Each structure stands twice: as C-alpha cells, then as structure tokens.
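Participant: For reference, the file start-v3.txt (compact mmCIF, C-alpha atoms) is included below:
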```txt
# COMPACT_ATOMS: atom_id res chain seq x y z
CA MET A 1 -38.90 10.45 25.43
CA ARG A 2 -35.86 8.33 26.20
CA ALA A 3 -35.13 7.77 29.89
CA PRO A 4 -31.68 8.90 31.12
CA SER A 5 -29.08 6.14 31.02
CA PRO A 6 -27.60 4.99 34.34
CA PRO A 7 -23.91 5.58 35.07
CA LEU A 8 -21.54 3.16 33.40
CA GLY A 9 -20.27 0.25 35.47
CA PRO A 10 -16.56 -0.53 36.07
CA GLN A 11 -16.46 -3.22 33.38
CA GLN A 12 -18.13 -0.96 30.83
CA ILE A 13 -15.69 1.84 31.62
CA ALA A 14 -12.71 -0.50 31.33
CA GLY A 15 -13.92 -1.81 27.98
CA ILE A 16 -14.46 1.66 26.52
CA ILE A 17 -11.09 2.92 27.79
CA SER A 18 -9.40 -0.15 26.34
CA SER A 19 -11.07 0.50 22.97
CA PHE A 20 -9.87 4.12 23.00
CA LYS A 21 -6.31 3.08 23.81
CA GLY A 22 -6.40 0.40 21.15
CA GLN A 23 -7.39 2.94 18.52
CA GLU A 24 -4.57 5.23 19.66
CA THR A 25 -1.78 2.65 19.62
CA ALA A 26 -2.86 1.11 16.29
CA VAL A 27 -2.00 4.27 14.32
CA HIS A 28 1.65 5.14 13.74
CA THR A 29 1.35 7.54 10.81
CA LEU A 30 -1.44 9.31 8.99
CA VAL A 31 -2.07 11.55 6.00
CA SER A 32 -5.40 13.33 5.63
CA SER A 33 -6.93 16.07 3.52
CA GLY A 34 -10.11 18.07 3.90
CA THR A 35 -11.68 21.45 4.55
CA LEU A 36 -11.03 23.69 7.54
CA THR A 37 -13.68 26.20 8.58
CA ILE A 38 -13.21 28.86 11.27
CA GLU A 39 -16.24 30.74 12.62
CA SER A 40 -15.63 33.71 14.92
CA GLN A 41 -17.70 36.78 15.82
CA GLY A 42 -20.14 36.33 12.97
CA SER A 43 -17.55 35.74 10.25
CA GLN A 44 -16.55 32.51 8.54
CA SER A 45 -13.49 31.51 6.55
CA ASP A 46 -12.82 28.26 4.70
CA ALA A 47 -9.55 26.74 3.57
CA GLU A 48 -8.13 23.48 2.32
CA VAL A 49 -5.96 21.49 4.72
CA LEU A 50 -3.39 18.70 4.43
CA ILE A 51 -2.24 16.94 7.60
CA VAL A 52 0.73 14.59 7.90
CA ALA A 53 1.62 13.07 11.26
CA ARG A 54 3.63 10.35 12.91
CA ARG A 55 3.29 9.18 16.49
CA ASP A 56 6.80 8.12 17.52
CA PRO A 57 8.70 10.35 17.41
CA ALA A 58 5.81 12.82 17.62
CA ARG A 59 5.78 15.01 14.53
CA LEU A 60 2.98 16.82 12.76
CA LYS A 61 2.69 19.05 9.71
CA ILE A 62 -0.40 21.03 8.74
CA GLU A 63 -0.57 22.87 5.41
CA ILE A 64 -3.45 25.34 5.08
CA THR A 65 -4.17 26.82 1.66
CA HIS A 66 -6.84 28.92 -0.04
CA GLY A 67 -9.37 26.99 -2.08
CA TRP A 68 -7.56 28.13 -5.24
CA GLY A 69 -4.23 26.82 -3.98
CA ARG A 70 -2.35 29.81 -2.53
CA PRO A 71 -0.57 28.81 0.71
CA LEU A 72 -1.69 30.47 3.94
CA LEU A 73 0.07 28.64 6.78
CA HIS A 74 2.52 25.77 7.08
CA ILE A 75 2.73 24.49 10.65
CA VAL A 76 5.28 21.94 11.86
CA VAL A 77 5.25 20.52 15.38
CA ASP A 78 8.27 18.45 16.40
CA GLY A 79 7.82 17.34 20.00
CA PRO A 80 7.40 20.62 21.93
CA ARG A 81 8.95 22.72 19.14
CA LEU A 82 6.73 24.77 16.87
CA ASP A 83 7.58 26.20 13.46
CA ILE A 84 5.07 28.30 11.47
CA LEU A 85 5.36 29.88 8.05
CA SER A 86 2.76 32.62 7.57
CA PHE A 87 2.62 33.38 3.87
CA SER A 88 0.18 36.28 4.22
CA GLU A 89 2.47 38.01 6.75
CA LYS A 90 5.74 36.74 5.24
CA ARG A 91 6.83 35.72 8.72
CA HIS A 92 8.60 32.66 10.10
CA TYR A 93 7.47 32.00 13.67
CA ARG A 94 9.52 29.67 15.87
CA GLY A 95 8.99 28.68 19.48
CA ARG A 96 7.33 26.10 21.66
CA LEU A 97 3.79 24.85 22.18
CA GLY A 98 1.97 26.71 24.91
CA SER A 99 3.67 30.08 24.47
CA PRO A 100 1.50 33.08 25.55
CA PHE A 101 2.06 34.75 22.18
CA LEU A 102 0.68 31.71 20.37
CA LEU A 103 -2.49 31.72 22.46
CA LYS A 104 -3.14 35.33 21.38
CA GLN A 105 -2.89 34.30 17.73
CA ILE A 106 -4.79 30.98 17.99
CA PRO A 107 -7.62 30.89 20.59
CA PHE A 108 -6.99 27.24 21.46
CA PRO A 109 -4.39 26.00 23.97
CA LEU A 110 -2.54 23.76 21.55
CA ASP A 111 -0.69 20.83 23.11
CA SER A 112 0.46 17.49 21.73
CA ASP A 113 -2.64 15.55 22.85
CA LEU A 114 -5.08 18.09 21.40
CA LEU A 115 -3.18 18.27 18.11
CA TRP A 116 -3.00 14.48 17.79
CA SER A 117 -6.73 14.18 18.62
CA LEU A 118 -7.45 16.68 15.85
CA ALA A 119 -5.13 15.01 13.34
CA ARG A 120 -6.14 11.44 14.27
CA ALA A 121 -9.83 12.46 14.30
CA TYR A 122 -10.24 10.41 17.47
CA PRO A 123 -9.55 11.49 21.06
CA VAL A 124 -6.30 10.88 22.88
CA LEU A 125 -6.80 10.14 26.56
CA SER A 126 -4.80 12.19 29.07
CA ALA A 127 -2.60 10.42 31.59
CA TYR A 128 -5.02 9.94 34.48
CA HIS A 129 -5.36 8.38 37.93
CA GLN A 130 -8.97 7.19 37.87
CA ALA A 131 -11.83 6.76 35.38
CA GLN A 132 -15.36 7.08 36.73
CA SER A 133 -18.92 7.56 35.48
CA ASP A 134 -21.30 9.89 37.32
CA LYS A 135 -24.05 9.72 34.69
CA GLY A 136 -25.01 7.69 31.67
CA ASP A 137 -22.92 7.77 28.48
CA GLN A 138 -20.18 9.77 30.15
CA ILE A 139 -16.72 9.00 31.57
CA THR A 140 -14.64 11.40 33.64
CA LEU A 141 -10.87 11.01 33.93
CA THR A 142 -9.41 12.48 37.12
CA ASP A 143 -5.98 13.09 38.64
CA LYS A 144 -4.74 11.98 42.07
CA GLU A 145 -6.59 14.89 43.73
CA ASN A 146 -9.81 13.75 42.01
CA ALA A 147 -9.81 16.89 39.86
CA PRO A 148 -11.30 16.26 36.40
CA LEU A 149 -8.92 16.14 33.44
CA GLN A 150 -11.27 15.05 30.67
CA VAL A 151 -15.01 14.53 30.50
CA ILE A 152 -15.92 12.18 27.64
CA ASP A 153 -19.48 12.16 26.33
CA LEU A 154 -20.37 9.04 24.36
CA TYR A 155 -22.89 8.22 21.67
CA PRO A 156 -25.47 6.00 23.45
CA ASP A 157 -25.73 3.26 20.82
CA THR A 158 -22.06 2.83 19.95
CA SER A 159 -20.01 4.20 22.90
CA LEU A 160 -18.00 6.16 20.36
CA PRO A 161 -16.76 9.58 21.50
CA ARG A 162 -19.24 12.40 20.88
CA ARG A 163 -17.47 15.20 22.73
CA VAL A 164 -14.42 15.50 24.96
CA TRP A 165 -14.16 18.40 27.37
CA LEU A 166 -10.50 19.19 28.16
CA CYS A 167 -10.96 20.64 31.62
CA ARG A 168 -7.58 22.29 32.19
CA GLN A 169 -7.47 23.79 28.70
CA GLY A 170 -11.10 24.93 28.76
CA THR A 171 -11.63 23.47 25.30
CA ALA A 172 -14.19 21.04 23.86
CA ILE A 173 -13.53 18.79 20.86
CA SER A 174 -16.39 16.93 19.17
CA PHE A 175 -16.50 14.01 16.74
CA SER A 176 -19.19 12.92 14.29
CA GLY A 177 -19.68 11.13 10.97
CA PHE A 178 -17.46 8.21 11.93
CA GLN A 179 -15.69 6.17 9.25
CA ASN A 180 -14.04 2.76 9.49
CA SER A 181 -10.81 2.05 7.66
CA SER A 182 -9.69 -1.55 8.32
CA ASP A 183 -10.98 -1.32 11.93
CA LEU A 184 -9.33 2.06 12.42
CA ILE A 185 -12.15 4.44 13.32
CA TYR A 186 -12.04 8.19 12.79
CA GLY A 187 -14.50 11.07 12.81
CA GLY A 188 -15.37 12.50 9.42
CA GLU A 189 -16.04 15.86 11.10
CA ILE A 190 -14.17 17.26 14.10
CA GLY A 191 -15.17 20.43 15.90
CA LEU A 192 -13.11 22.52 18.32
CA ASN A 193 -14.61 25.24 20.51
CA ASP A 194 -12.68 27.77 22.58
CA ALA A 195 -13.31 28.39 26.29
CA ASP A 196 -15.67 31.31 25.64
CA ASN A 197 -17.52 29.45 22.89
CA THR A 198 -16.92 32.41 20.56
CA THR A 199 -14.66 30.65 18.06
CA ARG A 200 -15.29 27.30 16.41
CA LEU A 201 -12.94 25.36 14.19
CA THR A 202 -14.42 22.56 12.07
CA LEU A 203 -12.35 20.01 10.17
CA GLU A 204 -14.16 17.95 7.52
CA ILE A 205 -12.02 15.06 6.34
CA ARG A 206 -12.30 13.95 2.72
CA LYS A 207 -9.54 11.35 2.76
CA MET A 208 -7.58 9.59 5.49
CA VAL A 209 -4.71 7.12 5.03
CA PHE A 210 -3.27 5.35 8.07
CA ASN A 211 0.14 3.72 8.61
CA GLY A 212 1.66 4.54 5.23
CA SER A 213 5.21 5.66 4.60
CA VAL A 214 5.89 9.20 5.82
CA PRO A 215 9.41 10.46 4.98
CA GLU A 216 11.21 12.56 7.58
CA THR A 217 11.79 15.27 4.99
CA LEU A 218 8.09 16.15 5.10
CA PHE A 219 8.61 17.65 8.57
CA GLN A 220 11.46 19.91 7.47
CA GLN A 221 10.68 23.41 6.22
CA GLU A 222 12.66 26.51 5.38
CA ALA A 223 11.36 30.03 5.13
CA PRO A 224 11.28 31.54 1.65
CA ARG A 225 13.58 34.47 1.01
CA GLY A 226 12.34 37.70 2.52
CA PHE A 227 10.41 36.16 5.43
CA GLU A 228 10.92 37.83 8.82
CA ASP A 229 12.03 35.57 11.70
CA VAL A 230 9.75 36.05 14.74
CA PRO A 231 10.29 34.18 18.03
CA LEU A 232 7.18 32.91 19.81
```
Let me see the file written as structure tokens.

Facilitator:
Amino acid sequence: MRAPSPPLGPQQIAGIISSFKGQETAVHTLVSSGTLTIESQGSQSDAEVLIVARRDPARLKIEITHGWGRPLLHIVVDGPRLDILSFSEKRHYRGRLGSPFLLKQIPFPLDSDLLWSLARAYPVLSAYHQAQSDKGDQITLTDKENAPLQVIDLYPDTSLPRRVWLCRQGTAISFSGFQNSSDLIYGGEIGLNDADNTTRLTLEIRKMVFNGSVPETLFQQEAPRGFEDVPL
C-alpha cells in the first residue's frame, strides 16, 4: 500500500501553477468534437457535440445533436451573454450566465471559467490570493479571507489535474485520458458532477484542434422561423 504523499512545497506549488497558466495562455482558439453523456436519476442520454471557442474576446459555441444528426441545442456564449436555440422546444432563449432560470434547466452553475475548462479540457484557475497545500497531491486556492475557491487534486506521477472542486459553485470537474498536441495537453474525457452528485455530464473528445482560424460568423445564430423568444 502506497504511503500518503506529504504536502507540496512552495516551489512545487509554484511550478504546477505556472504549468497550468502556461497551458491556459497558449490556447487562443479551439475546435473539438466528441460525445456528450448525461446521467441523472438512473437514466442516461447520449449526443454528439461540436465545440468552437476563442479566448479573447471570450466566445463559445456548443452544438449538440442526436447521433443521427438532428439538432438538439445550439448554445452561444459571448462574454456574459447567453443565447440558446432549443430545437425540441422550438424556443430561442436569451439572457445572461448565472440566471436563476438557467440553473433550473441545467443543474450546473455555468460561468465563463467552468465553460472554458470544459471546452479546453483543462482547468482554468480562478483569480486567487494564495495557493497552499495541506496534503499530498493537492493544491487549494484561497481568497483574501482564506476561504477556499478551488481544490485541485493531482495525479501523483505527473502532477496533471485529476479533479477540481469549485467550492463556491459546489461543482466538481474531473479530467482523465490526457492527450498531447504539440505540447498542448488536454483531457480526453471530462466529467462534471452537480452539487448533490445526482447528475453527471461526461464529455469524451474524439478530435481537438488548437489555435486554428475561427471566423466570427460561427458565433452568430438566428432562430428559425416559428421559434418562440424566451428571456432567461
């Protein structure tokens, strides 16, 4: 049985944080495709997903379709603005990230950092005051009041992120099956659990392309005729 690892030292913490930030700043755009699985209350649904994102300015588009190609949801995030086309409901939702109505529909507190972590398949670090390690293979980011913001569990042999607990959101995001694309590292499988651990979203990435050309027109969408406008 492996003995518990001691807490990480200041230099180890600084090196790991620097590596995380380096991975974040090295990616300006991405396009990925894969399979999205949602498990909730004993049921499971699978869909195909296409993700297009750019970091500055922050824009993200997620297209979710049935396995046979029928569109389900098109989601566009432009800064704090949110635009959703629901093809099953024939509704066009518009509002802002963090709206109470959105949380009722999607059991995850979506914000820009969580969405980019999901799309990038690698965690984004919150703005923090201090990074500390209270036990082996774990880093905690805290605010000025020493309240935890993120708890990052690491794989022992590589110091890659295994799981990130987003303390304020009450959400955990996990990473596994890492791939390396020209020194840009991403998780081949990303898991997202809600606060009650009753709903799990799993994204399996088949293909990822970093820093290619992403036209602005990809982030523009109009509702088809007959869709109902619904404010969030």

Participant: Which residue out of A:Ile64, A:Ala121, A:Leu8, A:Val27 has the minimum interatomic distance to Lys135 (chain A) when only C-alpha atoms are used?

Facilitator: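 With only C-alpha atoms as the atom set, the closest residue is A:Leu8.
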
Participant: Measuring atom to atom with only C-alpha atoms, identify which of A:Asp229, A:Glu24, A:Asp83, A:Asp113 is nearest to Tyr186 (chain A).

Facilitator: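 Closest candidate: A:Glu24.
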
Participant: With all atoms listed in the file as the counted atoms, please give the residues lying no more than 12 Å from region 38-47 of chain A, apart from itself and same-chain residues fewer than 4 positions off, as a PDB file with C-alpha atoms, in the coordinates of the input.

Facilitator:
```pdb
ATOM      1  CA  SER A  33      -6.930  16.070   3.520  1.00  0.00           C
ATOM      2  CA  GLY A  34     -10.110  18.070   3.900  1.00  0.00           C
ATOM      3  CA  ILE A  62      -0.400  21.030   8.740  1.00  0.00           C
ATOM      4  CA  GLU A  63      -0.570  22.870   5.410  1.00  0.00           C
ATOM      5  CA  ILE A  64      -3.450  25.340   5.080  1.00  0.00           C
ATOM      6  CA  THR A  65      -4.170  26.820   1.660  1.00  0.00           C
ATOM      7  CA  HIS A  66      -6.840  28.920  -0.040  1.00  0.00           C
ATOM      8  CA  GLY A  67      -9.370  26.990  -2.080  1.00  0.00           C
ATOM      9  CA  TRP A  68      -7.560  28.130  -5.240  1.00  0.00           C
ATOM     10  CA  GLY A  69      -4.230  26.820  -3.980  1.00  0.00           C
ATOM     11  CA  ARG A  70      -2.350  29.810  -2.530  1.00  0.00           C
ATOM     12  CA  PRO A  71      -0.570  28.810   0.710  1.00  0.00           C
ATOM     13  CA  LEU A  72      -1.690  30.470   3.940  1.00  0.00           C
ATOM     14  CA  LEU A  73       0.070  28.640   6.780  1.00  0.00           C
ATOM     15  CA  ILE A 106      -4.790  30.980  17.990  1.00  0.00           C
ATOM     16  CA  PRO A 107      -7.620  30.890  20.590  1.00  0.00           C
ATOM     17  CA  ILE A 190     -14.170  17.260  14.100  1.00  0.00           C
ATOM     18  CA  GLY A 191     -15.170  20.430  15.900  1.00  0.00           C
ATOM     19  CA  LEU A 192     -13.110  22.520  18.320  1.00  0.00           C
ATOM     20  CA  ASN A 193     -14.610  25.240  20.510  1.00  0.00           C
ATOM     21  CA  ASP A 194     -12.680  27.770  22.580  1.00  0.00           C
ATOM     22  CA  ASP A 196     -15.670  31.310  25.640  1.00  0.00           C
ATOM     23  CA  ASN A 197     -17.520  29.450  22.890  1.00  0.00           C
ATOM     24  CA  THR A 198     -16.920  32.410  20.560  1.00  0.00           C
ATOM     25  CA  THR A 199     -14.660  30.650  18.060  1.00  0.00           C
ATOM     26  CA  ARG A 200     -15.290  27.300  16.410  1.00  0.00           C
ATOM     27  CA  LEU A 201     -12.940  25.360  14.190  1.00  0.00           C
ATOM     28  CA  THR A 202     -14.420  22.560  12.070  1.00  0.00           C
ATOM     29  CA  LEU A 203     -12.350  20.010  10.170  1.00  0.00           C
ATOM     30  CA  GLU A 204     -14.160  17.950   7.520  1.00  0.00           C
TER      31      GLU A 204
END
```

Participant: Residues at most 9 Å from Pro6 (chain A), counting all atoms listed in the file, excluding those fewer than 5 positions away in the same chain, as JSON, numbers by chain?

Facilitator: {"A": [134, 135, 136, 137]}

Participant: Atoms to include: C-alpha atoms. Write the selected residues as a PDB file, in the coordinates of the input.

Facilitator:
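What landed in again.pdb:
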```
ATOM      1  CA  ASP A 134     -21.300   9.890  37.320  1.00  0.00           C
ATOM      2  CA  LYS A 135     -24.050   9.720  34.690  1.00  0.00           C
ATOM      3  CA  GLY A 136     -25.010   7.690  31.670  1.00  0.00           C
ATOM      4  CA  ASP A 137     -22.920   7.770  28.480  1.00  0.00           C
TER       5      ASP A 137
END
```

Participant: In Å, with one decimal, what is the gap from CA of Leu166 (chain A) to CA of Leu125 (chain A)?

Facilitator: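 Computing it gives 9.9 Å between the two atoms.
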
Participant: Between CA of Pro10 (chain A) and CA of Trp116 (chain A), what is the spacing in Å?

Facilitator: 27.3 Å

Participant: Tell me which of A:His28, A:Leu36, A:Leu60, A:Gly212 sits closest to Ala119 (chain A), counting only C-alpha atoms.

Facilitator: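 Closest to Ala119 (chain A) of all the choices is A:Leu60.
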
Participant: Check the smallest atom-to-atom distance from each of A:Ser126, A:Gln179, A:Thr35, A:Thr25 to Glu48 (chain A) using only C-alpha atoms, then report the winner.

Facilitator: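 Checking each of A:Ser126, A:Gln179, A:Thr35, A:Thr25 against Glu48 (chain A), counting only C-alpha atoms, the winner is A:Thr35.
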
Participant: Find the residues around Ile139 (chain A) up to 10 Å (only C-alpha atoms counted), leave out those fewer than 2 positions away in its own chain, and share them as a PyMOL selection string.

Facilitator: chain A and resi 7-8+13+16-17+131-137+141-142+150-154+164

Participant: I'd like the interatomic distance between CA of Leu115 (chain A) and CA of Arg206 (chain A), to a tenth of an Å.

Facilitator: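 These atoms are spaced 18.4 Å apart.
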
Participant: Using all atoms listed in the file, which of the listed residues (A:Pro156, A:Pro148, A:Leu82, A:Ile51) sits closest to Ser5 (chain A)?

Facilitator: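 Closest to Ser5 (chain A), using all atoms listed in the file: A:Pro156.
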
Participant: Measuring between only C-alpha atoms, which one of A:Gly177, A:Tyr155, A:Gly226, A:Leu218 shows the shortest distance to Val77 (chain A)?

Facilitator: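 Looking only at the distances to Val77 (chain A), the closest residue turns out to be A:Leu218.
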
Participant: Mind checking which residues fall within 8 Å of Pro231 (chain A), counting all atoms listed in the file, ignoring those fewer than 6 positions away in the same chain, and posting them as a list in words?

Facilitator: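 In the requested form, the answer reads Tyr93, Arg94 and Gly95 of chain A.
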
Participant: Could those residues be written to a file, using C-alpha atoms, as an mmCIF file, keeping the file's coordinate frame?

Facilitator:
```cif
data_model
loop_
_atom_site.group_PDB
_atom_site.id
_atom_site.type_symbol
_atom_site.label_atom_id
_atom_site.label_comp_id
_atom_site.auth_asym_id
_atom_site.auth_seq_id
_atom_site.Cartn_x
_atom_site.Cartn_y
_atom_site.Cartn_z
ATOM 1 C CA TYR A 93 7.470 32.000 13.670
ATOM 2 C CA ARG A 94 9.520 29.670 15.870
ATOM 3 C CA GLY A 95 8.990 28.680 19.480
#
```

Participant: Which residues come within 10 Å of Tyr122 (chain A), counting only C-alpha atoms, excluding same-chain residues fewer than 6 positions away, as number ranges by chain?

Facilitator: A: 20, 23-24, 116, 160-162, 164, 173-176, 178, 184-188, 190

Participant: Output C-alpha atoms for every residue in that selection, as an mmCIF file, in the frame of the given file.

Facilitator:
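Heads up, here's the output in selection_6.cif:
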```cif
data_model
loop_
_atom_site.group_PDB
_atom_site.id
_atom_site.type_symbol
_atom_site.label_atom_id
_atom_site.label_comp_id
_atom_site.auth_asym_id
_atom_site.auth_seq_id
_atom_site.Cartn_x
_atom_site.Cartn_y
_atom_site.Cartn_z
ATOM 1 C CA PHE A 20 -9.870 4.120 23.000
ATOM 2 C CA GLN A 23 -7.390 2.940 18.520
ATOM 3 C CA GLU A 24 -4.570 5.230 19.660
ATOM 4 C CA TRP A 116 -3.000 14.480 17.790
ATOM 5 C CA LEU A 160 -18.000 6.160 20.360
ATOM 6 C CA PRO A 161 -16.760 9.580 21.500
ATOM 7 C CA ARG A 162 -19.240 12.400 20.880
ATOM 8 C CA VAL A 164 -14.420 15.500 24.960
ATOM 9 C CA ILE A 173 -13.530 18.790 20.860
ATOM 10 C CA SER A 174 -16.390 16.930 19.170
ATOM 11 C CA PHE A 175 -16.500 14.010 16.740
ATOM 12 C CA SER A 176 -19.190 12.920 14.290
ATOM 13 C CA PHE A 178 -17.460 8.210 11.930
ATOM 14 C CA LEU A 184 -9.330 2.060 12.420
ATOM 15 C CA ILE A 185 -12.150 4.440 13.320
ATOM 16 C CA TYR A 186 -12.040 8.190 12.790
ATOM 17 C CA GLY A 187 -14.500 11.070 12.810
ATOM 18 C CA GLY A 188 -15.370 12.500 9.420
ATOM 19 C CA ILE A 190 -14.170 17.260 14.100
#
```

Participant: Please identify all polymer residues lying at most 7 Å from the point (-8.2, 4.3, 4.0) (file coordinates), using all atoms listed in the file, and present the result as a PDB file with C-alpha atoms, keeping the file's coordinate frame.

Facilitator:
```pdb
ATOM      1  CA  SER A 181     -10.810   2.050   7.660  1.00  0.00           C
ATOM      2  CA  MET A 208      -7.580   9.590   5.490  1.00  0.00           C
ATOM      3  CA  VAL A 209      -4.710   7.120   5.030  1.00  0.00           C
ATOM      4  CA  PHE A 210      -3.270   5.350   8.070  1.00  0.00           C
TER       5      PHE A 210
END
```

Participant: Would you fill out region 192-203 of chain A with N, CA, C and O atoms and return it as a short mmCIF file (atom, residue, chain, number, x, y, z; two decimals), in the coordinates of the input?

Facilitator:
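So the final result, stored in rebuild-v8.cif, reads:
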```
data_model
loop_
_atom_site.label_atom_id
_atom_site.label_comp_id
_atom_site.auth_asym_id
_atom_site.auth_seq_id
_atom_site.Cartn_x
_atom_site.Cartn_y
_atom_site.Cartn_z
N LEU A 192 -13.90 22.03 17.18
CA LEU A 192 -13.11 22.52 18.32
C LEU A 192 -13.66 23.87 18.73
O LEU A 192 -13.75 24.78 17.91
N ASN A 193 -14.07 23.99 19.99
CA ASN A 193 -14.61 25.24 20.51
C ASN A 193 -13.69 25.82 21.57
O ASN A 193 -13.16 25.08 22.41
N ASP A 194 -13.51 27.14 21.57
CA ASP A 194 -12.68 27.77 22.58
C ASP A 194 -13.44 27.88 23.90
O ASP A 194 -14.63 27.56 24.00
N ALA A 195 -12.73 28.35 24.94
CA ALA A 195 -13.31 28.39 26.29
C ALA A 195 -14.53 29.29 26.37
O ALA A 195 -15.46 29.02 27.13
N ASP A 196 -14.55 30.38 25.61
CA ASP A 196 -15.67 31.31 25.64
C ASP A 196 -16.78 30.96 24.65
O ASP A 196 -17.79 31.66 24.57
N ASN A 197 -16.54 29.89 23.89
CA ASN A 197 -17.52 29.45 22.89
C ASN A 197 -17.80 30.54 21.84
O ASN A 197 -18.90 30.66 21.32
N THR A 198 -16.77 31.34 21.55
CA THR A 198 -16.92 32.41 20.56
C THR A 198 -16.24 32.05 19.24
O THR A 198 -16.51 32.69 18.21
N THR A 199 -15.37 31.07 19.27
CA THR A 199 -14.66 30.65 18.06
C THR A 199 -14.81 29.14 17.89
O THR A 199 -14.61 28.39 18.86
N ARG A 200 -15.16 28.73 16.70
CA ARG A 200 -15.29 27.30 16.41
C ARG A 200 -14.47 26.95 15.18
O ARG A 200 -14.55 27.63 14.15
N LEU A 201 -13.70 25.91 15.30
CA LEU A 201 -12.94 25.36 14.19
C LEU A 201 -13.56 24.02 13.82
O LEU A 201 -13.78 23.18 14.69
N THR A 202 -13.85 23.82 12.54
CA THR A 202 -14.42 22.56 12.07
C THR A 202 -13.54 21.99 10.98
O THR A 202 -13.20 22.68 10.01
N LEU A 203 -13.16 20.73 11.15
CA LEU A 203 -12.35 20.01 10.17
C LEU A 203 -13.20 18.90 9.55
O LEU A 203 -13.67 18.01 10.26
#
```
